[in-house]
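Novice: The structure's right below; bear with me while I get my questions together.
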Amino acid sequence: MADKTQTSANFSSVPVMLLLTLVSLPLVLMYAYLFIDTISNSEAGSLIPNELTLEHWRFLWETRPGKASIWLVTLNTFIFAGSITAVILIVSSMAGYVLSRLNVPARGLLLAGVMVLHAFPSVTLIISIFIVLQYVGLYNSLIGVILVKAAIDMPLGIWLMKGFYDTVPWEIEMAGLVDGASRFTVWRRLVLPQIKPAIMALGLFSFLTGWSEFILPQVLAPGSQVQVLSVYLASLIADDNNFDFATFKAVGVFYVVPVLVLYVFFQKHLMNIYGGGTKG
Amino acid sequence: MRTSRTLGIVMIAPAAIMIFLFYLMPAILTGIFAMTNMSTATGISGGVFQVTQGAVNRLGPDMPELASGIAEPRFVIDEEGLAALEALKLKPGYAAELRGQHIGEVFASRREAERVIKALKDRPSTREVKQISDLFNRSVLNTRFETRDALIGNLEKLGFRLKPEEQDKVARETYTGWVWTTDNFKVIANSPDMAKIFLNTAFYVAVTLMLFNVSYALFLAVTTHYMPPATASIFRAVWLLPRITPVVIYVLMWKWLTWDNGFISMFMGQFGVPPKNYLLDNAYNAWFFVILINGFIGASMGMLVFSSAIKAIPQTHFHASEVDGASRWQQIRYIILPQLRWPILFVTCYQTLSLLASFNEILLSTRGGPGRATEVWSLAAYHTALNNYTGNLEYGLGAALALMLVIIGVILSLIYLRIFRYDTLISKPLIED
C-alpha cells in the first residue's frame with residue numbers, strides 16, 4: 001500500500017490528512033482534557049491550566065458519605081469482568097468446537113440460532129430479566145448480573161470460536177485419533193493449543209466489555225455493595241449536590257486506564273473482533 | 001470411547017442452558033409480560049381483592065347503588081359478632097336479645113345500628129353502645145380478601161345480591177394483581193406520544209446510519225487507504241477510541257464539551273457569548289449531539305469492515321488505473337465502491353439493529369430530553385418499565401415496547417441470514433464416529 005501511495009505522483013495526501021485531522025480534533029481534545037483536567041486547576045473561564053494539583057484524586061483515599069469505597073467498587077469490577085471472561089471462554093470454547101467439528105443433531109439449526117441471537121437487541125430483554133432475577137432472588141447480586149452478561153455475550157463468543165476452529169486442519173485431529181486418543185483428549189490436547197490467539201482475543205474482548213458494561217449492572221445490581229465502576233461513576237455524575245467535573249474525570253481516568261493499556265498492547269487481537277463488534 | 005454425538009451434547013450443554021435461561025426464556029417472557037398489565041402497583045406475583053376508593057369510583061357509573069353501598073360502613077348482626085359480644089362479658093341480655101330479635105339485620109350506617117342497640121331492654125350506656133356496634137361493623141372498604149369467593153360472600157352478607165356478570169365486574173375492579181390484557185398494544189397504537197417516539201427512532205436510526213455508520217466510515221476507510229501506513233494506523237486508532245472507551249466516560253467527555261461550564265461555552269466565552277448548555281438547550285442541538293455521540297462510535301465498525309474489504313482488492317487494479325490516468329475520484333467510483341457493495345449492505349443491516357437497541361448513550365447524555373425530544377423506542381421501553389419519575393413502573397407496557405424490538409430484531413436477522421448465506425458456513429464433519 002505504501003508502495004502504491006508513492007507511485008501516485010499525481011496526488012498528494014496532505015489535503016485529506018488535514019481534513020481528517022480537523023474532524024478528529026474534537027475526539028483528541030476530549031481525550032487530552034480528560035487527562036489534563038484531573039491533575040490541574042485552571043482559572044474560571046480559562047482553558048489553560050495554571051497549577052498542578054492532586055486534589056481531584058482525593059476519592060482514592062477518602063470515601064464520600066453514602067458512597068461505597070472506590071477499592072470495593074474496583075474489586076467488584078474485577079470480579080465482574082474476570083468471571084464473565086472465565087465463563088465465556090470455557091463455555092464458548094466447548095460449544096464452538098461442537099458446532100465446528102462434532103456430529104450433533106441439528107447442528108445447522110443451532111448455528112443459525114446462535115447467529116440470530118448474536119444480532120439480537122439483547123437490551124430489550126432486560127425488562128423480563130429484571131423481573132426474573134427479582135423472582136429467583138438474584139437481583140442486586142453480582143452472580144446474577146455476571147450470568148446474564150455472560151449469556152448475552154455468549155453467541156458472539158461461540159460464533160468467533162467456531163470460526164477459529166474451522167481453520168484448524170482436520171489432519172491434526174485425525175492423527176490424534178489414529179494414535180488412540182478420544183475426541184475429548186484430541187480437543188483438549190491438540191486443538192485447543194492451536195487456537196490460543198482466538199482464546200486470547202476473546203478473553204480480552206470479554207474482559208473489556210465486562211469492564212465497560214453499564215446498563216446491566218445499573219438495572220440488575222445497583223446496590224452500593226455490588227456496584228461496579230461504571231455504575232459508581234454514573235451515580236457520581238447524576239448526584240447534583242456534588243458537581244465537580246475534575247473529580248468525575250479523575251474517576252473516569254482511573255476507570256479507563258486499564259482499558260487503554262490493554263488496547264495499546266493488544267490492538268491487533270482486538271481489531272479482529274471489533275470489526276464485527278456488537279456496539280452501536 | 002464416547003461417540004462424538006454424546007460428547008457433542010455434553011460439551012454444548014452449558015452454552016445451551018445459559019442461552020436458554022438468559023436469552024430464550026426472557027424473550028418468551030417478554031412476550032408473556034407484554035400481554036399483562038403488570039406494574040409496580042399490581043406486583044408480579046399475583047394480588048388480592050380489595051375494595052379501594054379507586055375501585056368504588058370505577059364501579060360508580062355502572063352500579064351506583066352498589067358503589068355507594070360499599071363505600072359506606074355496614075353493620076350486620078351476625079353470629080360472629082354475637083360471639084365476640086359474649087366474650088366481652090357485658091350484660092348477657094344484650095347478646096340474647098340481639099340474637100332473638102335482630103339476627104341477620106343489616107344497617108346502612110352506624111347511626112341506624114346504634115339506634116337499635118340503644119333500644120335494647122337492658123339499656124346499654126353510650127360507651128357500651130359504641131363498643132357493641134364496633135363488633136358488628138362489616139364494612140368492606142379497604143379490607144383485603146384473599147379470594148374472589150371471600151369477597152362475593154362478604155358482599156352477600158351485606159345484602160348485595162349480584163348477578164354473575166356483576167360479580168365479574170366487581171371482582172375485576174377490585175383485584176389488585178395483574179391480569180391478562182391486550183391494552184398495551186392499543187396504547188402503543190393509539191397514543192400520540194408513541195407516534196412521536198416512533199418518528200424519533202426512525203429519524204435517529206436513519207440519520208446516524210447514513211451519515212456516520214456508512215458514509216463517514218466509508219470516508220475514513222478510503223482516506224486512510226490512500227495514506228502512508230503509519231499515519232493511517234494513527235487515525236484508525238483515534239477513531240476506534242470511542243468504541244473501546246467505556247460508555248459512561250465517553251458520554252462524560254461529551255458532557256464536558258457541551259455543558260454550560262464546558263469547553264464550547266468557555267471557548268465561545270472568549271468571544272463574549274454567554275455560556276449555555278449546548279446539549280440540552282433545545283431539541284435541535286440535542287439531536288445534533290446525540291447523533292454525533294452515537295455516530296462516532298458507529299463509524300469505527302464500518303471503518304474496519306470497509307478497510308479490510310479495500311485491502312482485499314488486488315493492487316494491480318490500482319496500478320493499472322493509475323497508468324490509464326484515472327483520478328482518485330474515478331478509482332473510488334469504479335474500483336473501490338463496486339467492491340464494497342456487500343460490506344455496505346452488511347454494515348447497514350447490522351448497525352440498524354444495533355442502533356435500534358442502543359440507548360445507553362442517549363440515556364447517559366440527554367435522558368431523552370429536553371422534554372422528550374430525543375426519546376427513542378428502546379429508551380422509552382426502559383423508562384416505562386424500569387426507571388421513571390412517577391415511580392409506577394409499567395412492566396407490561398415496557399415489555400410490549402421491547403417485544404416490538406425483539407420482533408424487528410428477529411426479522412432483520414433472519415433476512416440477513418438469508419442474504420449473506422450463512423448456511424454455506426456449515427461444513428460436514430470429516431470424522432464420523
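Residues are named by chain letter and number: chains run A, B, ... in the order of the C-alpha cells, numbers start at 1 in each chain, and ligands are numbered from 1 in the order shown.
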Tell me, which residues of stretch 115-280 of chain A carry DSSP alpha helix (DSSP H), written as a VMD selection string?
Specialist: chain A and resid 115 to 118 126 to 136 142 to 166 170 to 178 183 to 185 192 to 194 196 to 212 215 to 220 229 to 238 245 to 265 267 to 274
Novice: So that I can check the surroundings of stretch 140-151 of chain B, please list as a list of chain:residue names every protein, DNA and RNA residue that reaches within 6 Å of it, counting only C-alpha atoms and ignoring chain neighbours fewer than 6 positions away.
Specialist: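 Near neighbours after the sequence-gap exclusion: B:Val48, B:Phe49, B:Gln50, B:Val51, B:Thr52, B:Ala71.
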Novice: Within 10 Å of B:Leu337, counting only C-alpha atoms, which residues qualify if same-chain residues fewer than 6 places away don't, as a list in words?
Specialist: Leu218, Val222, Phe306, Ile310, Gln331 and Ile344 of chain B
Novice: Kindly give the distance, in Å, that separates atom CA of B:Asp78 and atom CA of B:Tyr94, rounded to a single decimal.
Specialist: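 Straight-line distance from atom CA of B:Asp78 to atom CA of B:Tyr94 works out to 13.3 Å.
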Novice: Could you give me, as a VMD selection string, the residues within 9 Å of stretch 140-145 of chain A, counting only C-alpha atoms and dropping anything in the same chain fewer than 4 positions from it?
Specialist: chain A and resid 76 79 to 80 133 to 134 149 to 150 216 to 217 219 to 223 225 to 227
Novice: Hey, can you check how far atom CA of A:Gln218 sits from atom CA of A:Ile237?
Specialist: 13.7 Å
Novice: Taking only C-alpha atoms into account, report as a list of chain:residue names which residues of chain B lie within 6 Å of chain A.
Specialist: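 Contact residues on the first chain: B:Ser4, B:Arg5, B:Gly8, B:Met11, B:Ile12, B:Ala15, B:Met18, B:Ile19, B:Phe22, B:Pro26, B:Thr30, B:Pro228, B:Pro246, B:Ile249, B:Met253, B:Met266, B:Gly298, B:Met301, B:Leu304, B:Val305, B:Ser354, B:Leu355, B:Ala357, B:Ala402, B:Gly409, B:Ser413, B:Pro429.
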Novice: From the set A:Ile146, A:Ile195, A:Leu18, A:Val178, which residue has the shortest atom-to-atom contact distance to A:Phe78, counting only C-alpha atoms?
Specialist: A:Ile146
Novice: Could you check how far atom CA of A:Thr53 sits from atom CA of A:Ile39, in Å to one decimal?
Specialist: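 Value for the atom CA of A:Thr53-atom CA of A:Ile39 distance: 5.2 Å.
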Novice: At a cut-off of 9 Å, using only C-alpha atoms, what residues contact A:Val191? Leave out same-chain residues fewer than 5 positions from it and give the result as number ranges by chain.
Specialist: A: 165, 168, 172-173, 186
Novice: Would you mind exporting the chosen residues as a PDB file, in the first residue's frame, restricted to N, CA and C atoms?
Specialist:
```
ATOM      1  N   TYR A 165     -11.982 -22.454  15.068  1.00  0.00           N
ATOM      2  CA  TYR A 165     -11.855 -23.920  14.976  1.00  0.00           C
ATOM      3  C   TYR A 165     -11.882 -24.368  13.527  1.00  0.00           C
ATOM      4  N   VAL A 168      -8.539 -24.823  11.894  1.00  0.00           N
ATOM      5  CA  VAL A 168      -7.590 -25.854  12.341  1.00  0.00           C
ATOM      6  C   VAL A 168      -7.680 -27.037  11.388  1.00  0.00           C
ATOM      7  N   ILE A 172      -4.711 -32.793  12.006  1.00  0.00           N
ATOM      8  CA  ILE A 172      -4.237 -32.848  13.388  1.00  0.00           C
ATOM      9  C   ILE A 172      -5.115 -33.776  14.204  1.00  0.00           C
ATOM     10  N   GLU A 173      -6.415 -33.593  14.046  1.00  0.00           N
ATOM     11  CA  GLU A 173      -7.341 -34.422  14.810  1.00  0.00           C
ATOM     12  C   GLU A 173      -7.278 -35.878  14.382  1.00  0.00           C
ATOM     13  N   VAL A 186      -8.408 -35.213  22.134  1.00  0.00           N
ATOM     14  CA  VAL A 186      -7.940 -34.510  20.934  1.00  0.00           C
ATOM     15  C   VAL A 186      -8.233 -33.025  21.046  1.00  0.00           C
TER      16      VAL A 186
END
```
Novice: Could you name the residues that touch B:Pro242 at 7 Å or less, counting only C-alpha atoms, but leaving out those on the same chain fewer than 3 positions away, as a list in words?
Specialist: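 Listing them by chain and then by number gives Trp239, Thr245, Tyr250, Phe296 and Ile297 of chain B.
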Novice: Taking N, CA and C atoms for each residue, export the selection above as a PDB file, in the first residue's frame.
Specialist:
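What landed in part_32.pdb:
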```
ATOM      1  N   TRP B 239      -9.952   6.769  15.849  1.00  0.00           N
ATOM      2  CA  TRP B 239     -11.384   6.573  15.618  1.00  0.00           C
ATOM      3  C   TRP B 239     -11.926   5.301  16.243  1.00  0.00           C
ATOM      4  N   THR B 245     -13.760   2.956  24.593  1.00  0.00           N
ATOM      5  CA  THR B 245     -13.923   3.687  25.844  1.00  0.00           C
ATOM      6  C   THR B 245     -15.241   3.292  26.505  1.00  0.00           C
ATOM      7  N   TYR B 250     -17.126   8.001  28.094  1.00  0.00           N
ATOM      8  CA  TYR B 250     -17.266   8.583  26.762  1.00  0.00           C
ATOM      9  C   TYR B 250     -18.310   9.696  26.770  1.00  0.00           C
ATOM     10  N   PHE B 296     -20.002   8.676  16.234  1.00  0.00           N
ATOM     11  CA  PHE B 296     -18.566   8.493  16.427  1.00  0.00           C
ATOM     12  C   PHE B 296     -18.266   7.052  16.830  1.00  0.00           C
ATOM     13  N   ILE B 297     -19.162   6.458  17.628  1.00  0.00           N
ATOM     14  CA  ILE B 297     -18.949   5.057  17.997  1.00  0.00           C
ATOM     15  C   ILE B 297     -19.193   4.159  16.795  1.00  0.00           C
TER      16      ILE B 297
END
```
Novice: Taking only residues of stretch 176-245 of chain B that have an atom at most 12 Å from an atom of stretch 360-384 of chain B, what is each one's shortest atom pair and its distance in Å to one decimal, using only C-alpha atoms, in chain and number order, as JSON lines?
Specialist:
```
{"residue": "B:Asn184", "atom": "CA", "partner": "B:Thr384", "partner_atom": "CA", "distance": 11.6}
{"residue": "B:Ile188", "atom": "CA", "partner": "B:Trp377", "partner_atom": "CA", "distance": 11.0}
{"residue": "B:Asp193", "atom": "CA", "partner": "B:Arg372", "partner_atom": "CA", "distance": 9.1}
{"residue": "B:Met194", "atom": "CA", "partner": "B:Trp377", "partner_atom": "CA", "distance": 8.4}
{"residue": "B:Ala195", "atom": "CA", "partner": "B:Trp377", "partner_atom": "CA", "distance": 10.1}
{"residue": "B:Lys196", "atom": "CA", "partner": "B:Ala373", "partner_atom": "CA", "distance": 8.7}
{"residue": "B:Ile197", "atom": "CA", "partner": "B:Val376", "partner_atom": "CA", "distance": 5.4}
{"residue": "B:Phe198", "atom": "CA", "partner": "B:Trp377", "partner_atom": "CA", "distance": 6.4}
{"residue": "B:Leu199", "atom": "CA", "partner": "B:Val376", "partner_atom": "CA", "distance": 8.5}
{"residue": "B:Asn200", "atom": "CA", "partner": "B:Val376", "partner_atom": "CA", "distance": 5.8}
{"residue": "B:Thr201", "atom": "CA", "partner": "B:Val376", "partner_atom": "CA", "distance": 4.8}
{"residue": "B:Ala202", "atom": "CA", "partner": "B:Val376", "partner_atom": "CA", "distance": 8.6}
{"residue": "B:Phe203", "atom": "CA", "partner": "B:Val376", "partner_atom": "CA", "distance": 9.4}
{"residue": "B:Tyr204", "atom": "CA", "partner": "B:Val376", "partner_atom": "CA", "distance": 7.8}
{"residue": "B:Val205", "atom": "CA", "partner": "B:Val376", "partner_atom": "CA", "distance": 9.4}
{"residue": "B:Pro242", "atom": "CA", "partner": "B:Glu361", "partner_atom": "CA", "distance": 11.4}
{"residue": "B:Arg243", "atom": "CA", "partner": "B:Glu361", "partner_atom": "CA", "distance": 11.7}
```
Novice: Residues as selected, C-alpha atoms, written as a short mmCIF file (atom, residue, chain, number, x, y, z; two decimals), in the first residue's frame, can you do that?
Specialist:
```cif
data_model
loop_
_atom_site.label_atom_id
_atom_site.label_comp_id
_atom_site.auth_asym_id
_atom_site.auth_seq_id
_atom_site.Cartn_x
_atom_site.Cartn_y
_atom_site.Cartn_z
CA ASN B 184 -50.64 -2.36 25.96
CA ILE B 188 -48.91 1.87 21.68
CA ASP B 193 -46.57 10.09 22.40
CA MET B 194 -45.76 6.73 20.90
CA ALA B 195 -46.12 8.06 17.38
CA LYS B 196 -43.63 10.79 18.26
CA ILE B 197 -41.24 8.25 19.73
CA PHE B 198 -41.57 6.09 16.64
CA LEU B 199 -40.68 9.04 14.42
CA ASN B 200 -37.78 9.95 16.71
CA THR B 201 -36.44 6.41 16.42
CA ALA B 202 -36.76 6.31 12.65
CA PHE B 203 -35.03 9.69 12.35
CA TYR B 204 -32.26 8.75 14.77
CA VAL B 205 -31.51 5.39 13.17
CA PRO B 242 -14.97 5.89 21.09
CA ARG B 243 -15.76 2.20 20.70
#
```
Novice: So that I can check the surroundings of B:Gly295, please list as a PyMOL selection string every protein, DNA and RNA residue that reaches within 8 Å of it, counting only C-alpha atoms and ignoring chain neighbours fewer than 6 positions away.
Specialist: chain B and resi 208-209+211-213
Novice: Go through A:Leu75, A:Leu262, A:Ala250, A:Leu160 and flag the residue nearest A:Asp37, using only C-alpha atoms for the distances.
Specialist: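 Result for the nearest residue to A:Asp37: A:Ala250.
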Novice: Hey, what does DSSP flag as strand (DSSP E) within stretch 27-132 of chain A? Can you give it to me as number ranges by chain?
Specialist: A: 40-41, 51-52
Novice: Deliver the residues from the most recent selection as a file, using C-alpha atoms, as a compact mmCIF listing (two decimals), in the first residue's frame.
Specialist:
```
# COMPACT_ATOMS: atom_id res chain seq x y z
CA SER A 40 -4.51 20.58 37.17
CA ASN A 41 -6.62 23.57 38.03
CA GLU A 51 -1.41 24.94 38.57
CA LEU A 52 -0.81 21.27 39.14
```
